[in-house]
file start.pdb (PDB, C-alpha atoms)
ATOM      1  CA  MET K 152      -5.359  21.087   5.644  1.00  0.00           C
ATOM      2  CA  ASP K 153      -5.706  17.569   7.010  1.00  0.00           C
ATOM      3  CA  ILE K 154      -5.063  16.909  10.685  1.00  0.00           C
ATOM      4  CA  TYR K 155      -3.165  13.717  11.410  1.00  0.00           C
ATOM      5  CA  ASP K 156      -2.297  11.844  14.593  1.00  0.00           C
ATOM      6  CA  GLU K 157       0.759   9.671  14.955  1.00  0.00           C
ATOM      7  CA  TRP K 158      -0.058   6.033  14.263  1.00  0.00           C
ATOM      8  CA  GLU K 159       1.874   3.894  16.725  1.00  0.00           C
ATOM      9  CA  LEU K 160       1.679   0.644  14.852  1.00  0.00           C
ATOM     10  CA  ILE K 161       4.567  -1.336  16.336  1.00  0.00           C
ATOM     11  CA  GLU K 162       7.401  -1.048  18.829  1.00  0.00           C
ATOM     12  CA  SER K 163      10.698   0.194  17.381  1.00  0.00           C
ATOM     13  CA  PRO K 164       9.371   0.941  13.887  1.00  0.00           C
ATOM     14  CA  LEU K 165      11.555   1.309  10.841  1.00  0.00           C
ATOM     15  CA  THR K 166      13.380   4.624  10.776  1.00  0.00           C
ATOM     16  CA  GLU K 167      14.119   5.034   7.076  1.00  0.00           C
ATOM     17  CA  PHE K 168      12.298   2.737   4.703  1.00  0.00           C
ATOM     18  CA  TYR K 169      10.847   2.397   1.234  1.00  0.00           C
ATOM     19  CA  LEU K 170       7.877   0.636  -0.294  1.00  0.00           C
ATOM     20  CA  TYR K 171       9.239  -2.793  -1.173  1.00  0.00           C
ATOM     21  CA  LYS K 172       6.069  -4.557  -2.279  1.00  0.00           C
ATOM     22  CA  LEU K 173       2.342  -3.923  -2.589  1.00  0.00           C
ATOM     23  CA  ASN K 174      -0.174  -6.697  -3.213  1.00  0.00           C
ATOM     24  CA  ASP K 175      -3.856  -5.957  -3.734  1.00  0.00           C
ATOM     25  CA  GLY K 176      -5.387  -9.424  -3.764  1.00  0.00           C
ATOM     26  CA  PHE K 177      -8.637 -11.207  -3.025  1.00  0.00           C
ATOM     27  CA  ASP K 178      -7.660 -11.668   0.615  1.00  0.00           C
ATOM     28  CA  GLY K 179      -6.775  -7.996   1.202  1.00  0.00           C
ATOM     29  CA  LEU K 180      -4.076  -5.378   0.794  1.00  0.00           C
ATOM     30  CA  LYS K 181      -0.529  -6.299   1.801  1.00  0.00           C
ATOM     31  CA  ILE K 182       2.115  -3.580   2.112  1.00  0.00           C
ATOM     32  CA  ILE K 183       5.727  -4.548   2.721  1.00  0.00           C
ATOM     33  CA  LEU K 184       8.188  -1.866   3.758  1.00  0.00           C
ATOM     34  CA  LYS K 185      11.952  -2.453   3.741  1.00  0.00           C
ATOM     35  CA  GLU K 186      14.560  -0.579   5.738  1.00  0.00           C
ATOM     36  CA  LEU K 187      17.052   1.457   3.710  1.00  0.00           C
ATOM     37  CA  GLY K 188      20.649   0.303   3.623  1.00  0.00           C
ATOM     38  CA  THR K 189      22.093  -3.155   4.018  1.00  0.00           C
ATOM     39  CA  SER K 190      19.497  -4.342   6.515  1.00  0.00           C
ATOM     40  CA  ASN K 191      16.966  -6.921   5.390  1.00  0.00           C
ATOM     41  CA  LYS K 192      14.472  -5.728   8.000  1.00  0.00           C
ATOM     42  CA  LYS K 193      10.929  -5.765   6.573  1.00  0.00           C
ATOM     43  CA  LEU K 194       7.588  -4.770   8.015  1.00  0.00           C
ATOM     44  CA  GLU K 195       4.272  -6.113   6.722  1.00  0.00           C
ATOM     45  CA  ILE K 196       1.050  -4.124   7.085  1.00  0.00           C
ATOM     46  CA  PHE K 197      -2.006  -6.148   6.088  1.00  0.00           C
ATOM     47  CA  TYR K 198      -5.544  -4.837   5.629  1.00  0.00           C
ATOM     48  CA  SER K 199      -7.989  -7.745   5.389  1.00  0.00           C
ATOM     49  CA  ASN K 200     -10.733  -5.251   4.592  1.00  0.00           C
ATOM     50  CA  PHE K 201      -9.808  -1.969   2.973  1.00  0.00           C
ATOM     51  CA  LEU K 202     -12.205   0.419   1.295  1.00  0.00           C
ATOM     52  CA  GLY K 203      -9.781   2.336  -0.880  1.00  0.00           C
ATOM     53  CA  TYR K 204      -6.149   3.255  -1.287  1.00  0.00           C
ATOM     54  CA  ARG K 205      -3.799   5.355  -3.359  1.00  0.00           C
ATOM     55  CA  VAL K 206      -0.063   5.295  -3.905  1.00  0.00           C
ATOM     56  CA  THR K 207       1.764   8.419  -5.006  1.00  0.00           C
ATOM     57  CA  ASP K 208       5.398   9.206  -5.637  1.00  0.00           C
ATOM     58  CA  GLU K 209       6.392  11.410  -2.704  1.00  0.00           C
ATOM     59  CA  SER K 210       7.724  14.071  -5.099  1.00  0.00           C
ATOM     60  CA  PHE K 211       4.159  14.748  -6.256  1.00  0.00           C
ATOM     61  CA  ARG K 212       2.648  15.251  -2.786  1.00  0.00           C
ATOM     62  CA  LEU K 213       4.431  18.525  -1.990  1.00  0.00           C
ATOM     63  CA  LYS K 214       1.240  20.321  -0.923  1.00  0.00           C
ATOM     64  CA  THR K 215       0.527  17.622   1.657  1.00  0.00           C
ATOM     65  CA  LEU K 216       4.103  17.633   2.917  1.00  0.00           C
ATOM     66  CA  TYR K 217       4.404  21.440   3.170  1.00  0.00           C
ATOM     67  CA  GLU K 218       0.983  22.007   4.741  1.00  0.00           C
ATOM     68  CA  ASN K 219       1.343  19.213   7.304  1.00  0.00           C
ATOM     69  CA  THR K 220       4.735  19.815   8.844  1.00  0.00           C
ATOM     70  CA  THR K 221       4.044  17.471  11.772  1.00  0.00           C
ATOM     71  CA  LEU K 222       3.572  14.393   9.574  1.00  0.00           C
ATOM     72  CA  GLY K 223       5.632  11.441  10.680  1.00  0.00           C
ATOM     73  CA  SER K 224       6.233   8.167   8.885  1.00  0.00           C
ATOM     74  CA  PHE K 225       3.000   6.569  10.142  1.00  0.00           C
ATOM     75  CA  ASN K 226      -0.156   8.672  10.546  1.00  0.00           C
ATOM     76  CA  LYS K 227      -3.906   8.297  10.855  1.00  0.00           C
ATOM     77  CA  THR K 228      -6.932  10.578  10.764  1.00  0.00           C
ATOM     78  CA  ASN K 229     -10.697  10.403  10.526  1.00  0.00           C
ATOM     79  CA  SER K 230     -10.937  13.667   8.593  1.00  0.00           C
ATOM     80  CA  SER K 231      -8.975  14.278   5.402  1.00  0.00           C
ATOM     81  CA  GLU K 232      -9.428  15.437   1.828  1.00  0.00           C
ATOM     82  CA  PHE K 233      -9.014  11.820   0.701  1.00  0.00           C
ATOM     83  CA  MET K 234     -11.821  10.658   3.015  1.00  0.00           C
ATOM     84  CA  SER K 235     -14.055  13.550   1.946  1.00  0.00           C
ATOM     85  CA  TRP K 236     -13.494  12.600  -1.693  1.00  0.00           C
ATOM     86  CA  PHE K 237     -14.195   8.930  -0.865  1.00  0.00           C
ATOM     87  CA  ILE K 238     -17.485   9.753   0.899  1.00  0.00           C
ATOM     88  CA  GLU K 239     -18.539  12.059  -1.932  1.00  0.00           C
ATOM     89  CA  GLU K 240     -17.761   9.411  -4.563  1.00  0.00           C
ATOM     90  CA  SER K 241     -19.862   6.844  -2.654  1.00  0.00           C
ATOM     91  CA  ARG K 242     -22.753   9.351  -2.599  1.00  0.00           C
ATOM     92  CA  GLY K 243     -22.630   9.288   1.178  1.00  0.00           C
ATOM     93  CA  ILE K 244     -23.101   5.528   1.551  1.00  0.00           C
ATOM     94  CA  SER K 245     -19.889   5.256   3.559  1.00  0.00           C
ATOM     95  CA  GLU K 246     -20.438   8.423   5.603  1.00  0.00           C
ATOM     96  CA  ASN K 247     -21.599   6.609   8.737  1.00  0.00           C
ATOM     97  CA  GLU K 248     -18.852   3.983   8.607  1.00  0.00           C
ATOM     98  CA  SER K 249     -16.169   4.110  11.279  1.00  0.00           C
ATOM     99  CA  MET K 250     -13.418   4.658   8.752  1.00  0.00           C
ATOM    100  CA  ILE K 251      -9.811   5.611   9.381  1.00  0.00           C
ATOM    101  CA  HIS K 252      -7.420   7.104   6.849  1.00  0.00           C
ATOM    102  CA  TYR K 253      -3.937   5.622   7.378  1.00  0.00           C
ATOM    103  CA  SER K 254      -1.043   7.478   5.762  1.00  0.00           C
ATOM    104  CA  ILE K 255       2.426   5.973   5.348  1.00  0.00           C
ATOM    105  CA  LEU K 256       5.273   8.220   4.234  1.00  0.00           C
ATOM    106  CA  SER K 257       8.194   6.247   2.864  1.00  0.00           C
ATOM    107  CA  SER K 258      11.295   7.490   1.095  1.00  0.00           C
ATOM    108  CA  ASN K 259       9.850   6.731  -2.338  1.00  0.00           C
ATOM    109  CA  LYS K 260       6.038   6.664  -1.994  1.00  0.00           C
ATOM    110  CA  ILE K 261       3.171   7.990   0.073  1.00  0.00           C
ATOM    111  CA  LEU K 262       0.474   5.399   0.702  1.00  0.00           C
ATOM    112  CA  ASP K 263      -3.021   6.329   1.830  1.00  0.00           C
ATOM    113  CA  VAL K 264      -5.418   3.589   2.904  1.00  0.00           C
ATOM    114  CA  ILE K 265      -9.016   3.962   4.067  1.00  0.00           C
ATOM    115  CA  SER K 266     -10.233   1.047   6.147  1.00  0.00           C
ATOM    116  CA  ASP K 267     -12.935   0.279   8.675  1.00  0.00           C
ATOM    117  CA  GLN K 268     -10.672  -2.254  10.406  1.00  0.00           C
ATOM    118  CA  VAL K 269      -7.284  -1.969  12.077  1.00  0.00           C
ATOM    119  CA  PRO K 270      -4.568  -3.653   9.996  1.00  0.00           C
ATOM    120  CA  THR K 271      -2.317  -6.401  11.289  1.00  0.00           C
ATOM    121  CA  VAL K 272       1.354  -5.472  11.508  1.00  0.00           C
ATOM    122  CA  LYS K 273       4.275  -7.857  11.829  1.00  0.00           C
ATOM    123  CA  TRP K 274       8.000  -8.132  11.208  1.00  0.00           C
ATOM    124  CA  LEU K 275       9.129 -10.465   8.419  1.00  0.00           C
TER
END

call {"tool": "encode", "arguments": {"input": "start.pdb", "output": "structure tokens"}}
result
Amino acid sequence: MDIYDEWELIESPLTEFYLYKLNDGFDGLKIILKELGTSNKKLEIFYSNFLGYRVTDESFRLKTLYENTTLGSFNKTNSSEFMSWFIEESRGISENESMIHYSILSSNKILDVISDQVPTVKWL
């Protein structure tokens, strides 16, 4: 079981939101979350340097959800199955990096990002 801490990324975060847009480009990884309902409130999370990420439909992450009952919408950890897999796949090259696994649980997707830098977060 992974152990996550709450990731306090911004004051008054979105309460219920979904993955609106994901852009993996040359300049980095841009995630845009949109509030559910009639609001046009959007939050951008930008990783200028990310090492890896995965996006999964939340319906197919039941083990994670049931085994980690304290998961909130925004989480981070430095020890997870995803990070262990990442380090193993790199043959240990990344083992000494100061990496963080960020986990975002939206209403339609679960996003996991491994980065050695803190992302920038802003309202759109």

call {"tool": "residues_around", "arguments": {"input": "start.pdb", "residues": "Lys181 of chain K", "least_positions_apart": "3", "cutoff": "10 Å", "atoms": "only C-alpha atoms", "output": "ChimeraX atom specification"}}
result
/K:172-176,178,184,195-199,270-272

call {"tool": "write_last_selection", "arguments": {"input": "start.pdb", "atoms": "C-alpha atoms", "output": "PDB file, in the coordinates of the input"}}
result
ATOM      1  CA  LYS K 172       6.069  -4.557  -2.279  1.00  0.00           C
ATOM      2  CA  LEU K 173       2.342  -3.923  -2.589  1.00  0.00           C
ATOM      3  CA  ASN K 174      -0.174  -6.697  -3.213  1.00  0.00           C
ATOM      4  CA  ASP K 175      -3.856  -5.957  -3.734  1.00  0.00           C
ATOM      5  CA  GLY K 176      -5.387  -9.424  -3.764  1.00  0.00           C
ATOM      6  CA  ASP K 178      -7.660 -11.668   0.615  1.00  0.00           C
ATOM      7  CA  LEU K 184       8.188  -1.866   3.758  1.00  0.00           C
ATOM      8  CA  GLU K 195       4.272  -6.113   6.722  1.00  0.00           C
ATOM      9  CA  ILE K 196       1.050  -4.124   7.085  1.00  0.00           C
ATOM     10  CA  PHE K 197      -2.006  -6.148   6.088  1.00  0.00           C
ATOM     11  CA  TYR K 198      -5.544  -4.837   5.629  1.00  0.00           C
ATOM     12  CA  SER K 199      -7.989  -7.745   5.389  1.00  0.00           C
ATOM     13  CA  PRO K 270      -4.568  -3.653   9.996  1.00  0.00           C
ATOM     14  CA  THR K 271      -2.317  -6.401  11.289  1.00  0.00           C
ATOM     15  CA  VAL K 272       1.354  -5.472  11.508  1.00  0.00           C
TER      16      VAL K 272
END

call {"tool": "resolve_selection", "arguments": {"input": "start.pdb", "expression": "the PyMOL selection byres ((chain K and resi 223) around 9)", "output": "list of chain:residue names"}}
result
K:Asp156, K:Glu157, K:Trp158, K:Thr220, K:Thr221, K:Leu222, K:Ser224, K:Phe225, K:Asn226, K:Ile255, K:Leu256

call {"tool": "resolve_selection", "arguments": {"input": "start.pdb", "expression": "the PyMOL selection byres ((chain K and resi 262) around 12)", "output": "PyMOL selection string"}}
result
chain K and resi 169-170+172-173+180-184+196+203-209+212+224-227+233+252-261+263-265

call {"tool": "resolve_selection", "arguments": {"input": "start.pdb", "expression": "the PyMOL selection byres ((chain K and resi 188) around 12)", "output": "list in words"}}
result
Leu165, Thr166, Glu167, Phe168, Tyr169, Lys185, Glu186, Leu187, Thr189, Ser190, Asn191, Lys192 and Lys193 of chain K

call {"tool": "write_last_selection", "arguments": {"input": "start.pdb", "atoms": "C-alpha atoms", "output": "PDB file, in the coordinates of the input"}}
result
ATOM      1  CA  LEU K 165      11.555   1.309  10.841  1.00  0.00           C
ATOM      2  CA  THR K 166      13.380   4.624  10.776  1.00  0.00           C
ATOM      3  CA  GLU K 167      14.119   5.034   7.076  1.00  0.00           C
ATOM      4  CA  PHE K 168      12.298   2.737   4.703  1.00  0.00           C
ATOM      5  CA  TYR K 169      10.847   2.397   1.234  1.00  0.00           C
ATOM      6  CA  LYS K 185      11.952  -2.453   3.741  1.00  0.00           C
ATOM      7  CA  GLU K 186      14.560  -0.579   5.738  1.00  0.00           C
ATOM      8  CA  LEU K 187      17.052   1.457   3.710  1.00  0.00           C
ATOM      9  CA  THR K 189      22.093  -3.155   4.018  1.00  0.00           C
ATOM     10  CA  SER K 190      19.497  -4.342   6.515  1.00  0.00           C
ATOM     11  CA  ASN K 191      16.966  -6.921   5.390  1.00  0.00           C
ATOM     12  CA  LYS K 192      14.472  -5.728   8.000  1.00  0.00           C
ATOM     13  CA  LYS K 193      10.929  -5.765   6.573  1.00  0.00           C
TER      14      LYS K 193
END

call {"tool": "closest_residue", "arguments": {"input": "start.pdb", "among": "K:Leu216, K:Tyr155, K:Trp236, K:Thr228", "to": "Met250 of chain K", "atoms": "all atoms listed in the file"}}
result
K:Thr228

call {"tool": "closest_residue", "arguments": {"input": "start.pdb", "among": "K:Met234, K:Ile154, K:Ile251, K:Ile161", "to": "Thr215 of chain K", "atoms": "all atoms listed in the file"}}
result
K:Ile154

call {"tool": "atom_distance", "arguments": {"input": "start.pdb", "atom1": "atom CA of Ser266 of chain K", "atom2": "atom CA of Leu202 of chain K"}}
result
5.3 Å

call {"tool": "atom_distance", "arguments": {"input": "start.pdb", "atom1": "atom CA of Phe201 of chain K", "atom2": "atom CA of Phe237 of chain K"}}
result
12.4 Å

call {"tool": "axis_aligned_box", "arguments": {"input": "start.pdb", "around": "segment 172-178 of chain K", "padding_each_side": "6 Å", "output": "JSON"}}
result
{"center_x": -1.3, "center_y": -7.8, "center_z": -1.6, "size_x": 26.7, "size_y": 19.7, "size_z": 16.4}

call {"tool": "atom_distance", "arguments": {"input": "start.pdb", "atom1": "atom CA of Ser249 of chain K", "atom2": "atom CA of Val269 of chain K"}}
result
10.8 Å
